[in-house]
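Engineer: I'd like to ask you about the structure that follows.
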Amino acid sequence: MKNVLHIITSPRKDLSASRKLGKAVIEKIQEKYSDAVLKERDLTTNPTPLLDESHINTFFTPAENHSTEQQSINKYSEDLISELKEADIIVIDSPMYNFSVPATLRAYLDFTSRAGYTFKYDENGPKGLLNDKKLYIAFTSGNVYSEGPFQVFDSNVPYIKNVFGFYGVSDVSVFRAEGLAIPGIMENALNKGIESIVID
């Protein structure tokens with residue numbers, strides 16, 4: 001049995017290409033693993049708050065010294081991290097927003113990037129704690145960023161890979177629906193992305 005966590009980031013609902021591509025990834029996973037248990041975290045329906053002073057102070061205060069408010073903040077963060085720990089497969093829908101990830105995803109990662117939870121430091125430096133997991137990224141964009149002159153502008157896929165690599169997740173596959181705003185490419189971009197999906 002595979003536990004699958006699907007992280008949805010686009011606020012566009014039915015118009016979202018990333019939601020459609022991510023859904024196609026999930027369907028392929030369910031075809032391969034008929035007993036897969038799916039959990040969805042829609043970051044637009046249940047957004048993670050933007051990181052503020054109270055959150056940072058909580059993360060750097062020992063649990064035994066937490067106030068009632070800090071206990072609540074810490075539990076919220078721990079619950080998000082528990083979902084990642086329990087998942088065998090993680091699927092992230094990640095549309096390109098201004099050369100990077102949606103703010104919803106960035107806020108989420110601010111609450112899951114915690115020493116002692118998703119990574120730790122030892123005498124050799126940082127070490128990821130989320131090992132033996134598979135990450136699929138469903139990436140969509142109006143332009144083409146996988147190659148060509150705009151490749152250097154992609155702070156989306158590399159950012160996700162870097163964060164999850166820091167968590168210890170090194171097995172990553174990316175499925176792309178690119179050129180969604182370019183005539184001559186846009187007509188088949190989503191179908192091409194869906195057709196590229198291979199679950200290993």
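Within each chain, counting starts at residue 1; across the structure tokens, chains are named A, B, ... in the order shown, with ligands numbered 1 upward in that order.
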Using only C-alpha atoms, which residues of range 13-100 of chain A come within 6 Å of range 131-153 of chain A, and what is the closest atom pair for each, with the distance in Å to one decimal? Give it as JSON lines, sorted by chain and residue number.
Structural biologist:
```
{"residue": "A:Ser18", "atom": "CA", "partner": "A:Thr140", "partner_atom": "CA", "distance": 5.5}
{"residue": "A:Leu21", "atom": "CA", "partner": "A:Ala138", "partner_atom": "CA", "distance": 6.0}
{"residue": "A:Gly22", "atom": "CA", "partner": "A:Ala138", "partner_atom": "CA", "distance": 5.3}
{"residue": "A:Asp88", "atom": "CA", "partner": "A:Lys133", "partner_atom": "CA", "distance": 5.1}
{"residue": "A:Ile89", "atom": "CA", "partner": "A:Lys134", "partner_atom": "CA", "distance": 4.8}
{"residue": "A:Ile90", "atom": "CA", "partner": "A:Leu135", "partner_atom": "CA", "distance": 4.8}
{"residue": "A:Val91", "atom": "CA", "partner": "A:Tyr136", "partner_atom": "CA", "distance": 4.8}
{"residue": "A:Ile92", "atom": "CA", "partner": "A:Ile137", "partner_atom": "CA", "distance": 5.0}
{"residue": "A:Asp93", "atom": "CA", "partner": "A:Ala138", "partner_atom": "CA", "distance": 4.7}
{"residue": "A:Ser94", "atom": "CA", "partner": "A:Phe139", "partner_atom": "CA", "distance": 4.9}
{"residue": "A:Pro95", "atom": "CA", "partner": "A:Thr140", "partner_atom": "CA", "distance": 4.6}
{"residue": "A:Met96", "atom": "CA", "partner": "A:Ser141", "partner_atom": "CA", "distance": 5.1}
{"residue": "A:Phe99", "atom": "CA", "partner": "A:Phe153", "partner_atom": "CA", "distance": 5.9}
```
Engineer: Next, dump the selected residues to file, keeping only N, CA and C atoms, as a PDB file, in the first residue's frame.
Structural biologist:
```pdb
ATOM      1  N   SER A  18      -2.335  23.354 -13.906  1.00  0.00           N
ATOM      2  CA  SER A  18      -1.528  22.560 -12.969  1.00  0.00           C
ATOM      3  C   SER A  18      -2.397  21.576 -12.198  1.00  0.00           C
ATOM      4  N   LEU A  21      -2.979  18.729 -14.617  1.00  0.00           N
ATOM      5  CA  LEU A  21      -1.787  17.898 -14.773  1.00  0.00           C
ATOM      6  C   LEU A  21      -1.542  17.086 -13.505  1.00  0.00           C
ATOM      7  N   GLY A  22      -1.688  17.728 -12.346  1.00  0.00           N
ATOM      8  CA  GLY A  22      -1.520  17.019 -11.082  1.00  0.00           C
ATOM      9  C   GLY A  22      -2.536  15.904 -10.909  1.00  0.00           C
ATOM     10  N   ASP A  88       4.460   8.032   1.114  1.00  0.00           N
ATOM     11  CA  ASP A  88       5.461   7.344   0.311  1.00  0.00           C
ATOM     12  C   ASP A  88       5.713   8.101  -0.989  1.00  0.00           C
ATOM     13  N   ILE A  89       4.648   8.727  -1.482  1.00  0.00           N
ATOM     14  CA  ILE A  89       4.706   9.479  -2.741  1.00  0.00           C
ATOM     15  C   ILE A  89       4.110  10.864  -2.492  1.00  0.00           C
ATOM     16  N   ILE A  90       4.804  11.886  -2.962  1.00  0.00           N
ATOM     17  CA  ILE A  90       4.336  13.268  -2.844  1.00  0.00           C
ATOM     18  C   ILE A  90       4.179  13.835  -4.243  1.00  0.00           C
ATOM     19  N   VAL A  91       3.021  14.422  -4.508  1.00  0.00           N
ATOM     20  CA  VAL A  91       2.759  15.070  -5.794  1.00  0.00           C
ATOM     21  C   VAL A  91       2.492  16.543  -5.525  1.00  0.00           C
ATOM     22  N   ILE A  92       3.233  17.419  -6.188  1.00  0.00           N
ATOM     23  CA  ILE A  92       3.057  18.860  -6.018  1.00  0.00           C
ATOM     24  C   ILE A  92       2.664  19.479  -7.347  1.00  0.00           C
ATOM     25  N   ASP A  93       1.497  20.118  -7.379  1.00  0.00           N
ATOM     26  CA  ASP A  93       1.109  20.920  -8.538  1.00  0.00           C
ATOM     27  C   ASP A  93       1.813  22.266  -8.397  1.00  0.00           C
ATOM     28  N   SER A  94       2.607  22.657  -9.386  1.00  0.00           N
ATOM     29  CA  SER A  94       3.376  23.890  -9.238  1.00  0.00           C
ATOM     30  C   SER A  94       3.376  24.723 -10.514  1.00  0.00           C
ATOM     31  N   PRO A  95       2.382  25.599 -10.670  1.00  0.00           N
ATOM     32  CA  PRO A  95       2.395  26.518 -11.809  1.00  0.00           C
ATOM     33  C   PRO A  95       3.463  27.589 -11.625  1.00  0.00           C
ATOM     34  N   MET A  96       3.984  28.078 -12.714  1.00  0.00           N
ATOM     35  CA  MET A  96       4.980  29.147 -12.676  1.00  0.00           C
ATOM     36  C   MET A  96       4.290  30.481 -12.390  1.00  0.00           C
ATOM     37  N   PHE A  99       8.162  33.612 -12.248  1.00  0.00           N
ATOM     38  CA  PHE A  99       9.425  32.877 -12.278  1.00  0.00           C
ATOM     39  C   PHE A  99       9.637  31.986 -11.056  1.00  0.00           C
TER      40      PHE A  99
END
```
Engineer: Tell me, as a ChimeraX atom specification, which residues lie within 8 Å of range 50-59 of chain A, counting only C-alpha atoms; anything in the same chain fewer than 6 positions away does not count.
Structural biologist: /A:66,70,73-74,107,110-111,114
Engineer: Nearest to Leu5 in chain A among A:Glu86, A:Glu27, A:Glu69, A:Glu78, with distances taken over only C-alpha atoms: which residue is it?
Structural biologist: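 Among the listed residues, A:Glu86 lies closest to Leu5 in chain A.
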Engineer: Tell me which protein, DNA and RNA residues are within 10 Å of Lys120 in chain A, counting only C-alpha atoms, leaving out same-chain ones fewer than 6 positions away, and put them as a PyMOL selection string.
Structural biologist: chain A and resi 114+126-129+166-167
Engineer: DSSP on the backbone: what in range 23-61 of chain A comes out helix (DSSP H, G or I), as JSON, numbers by chain?
Structural biologist: {"A": [23, 24, 25, 26, 27, 28, 29, 30, 31, 32, 53, 54, 55, 56, 57, 58, 59]}
Engineer: Pull the strand (DSSP E or B) assignments for range 23-180 of chain A out of DSSP run on the backbone, and list those residues as a PyMOL selection string.
Structural biologist: chain A and resi 37-42+89-95+97+100+115+119-122+125-128+134-140+171-177
Engineer: Just to confirm, what's the straight-line distance from CA of Ala189 in chain A to CA of Glu40 in chain A in Å (one decimal)?
Structural biologist: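 Separating CA of Ala189 in chain A from CA of Glu40 in chain A is a distance of 25.1 Å.
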Engineer: When you count only C-alpha atoms, which of these residues is closest to Ser10 in chain A: A:Gly125, A:Pro102, A:Pro47, A:Pro62?
Structural biologist: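 Ranking A:Gly125, A:Pro102, A:Pro47, A:Pro62 by distance to Ser10 in chain A, first place goes to A:Pro102.
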Engineer: Under the rule that only C-alpha atoms are counted, which of A:Arg41, A:Asn156, A:Asn65, A:Tyr97 is the nearest residue to Glu83 in chain A?
Structural biologist: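 Among the listed residues, the smallest separation from Glu83 in chain A belongs to A:Arg41.
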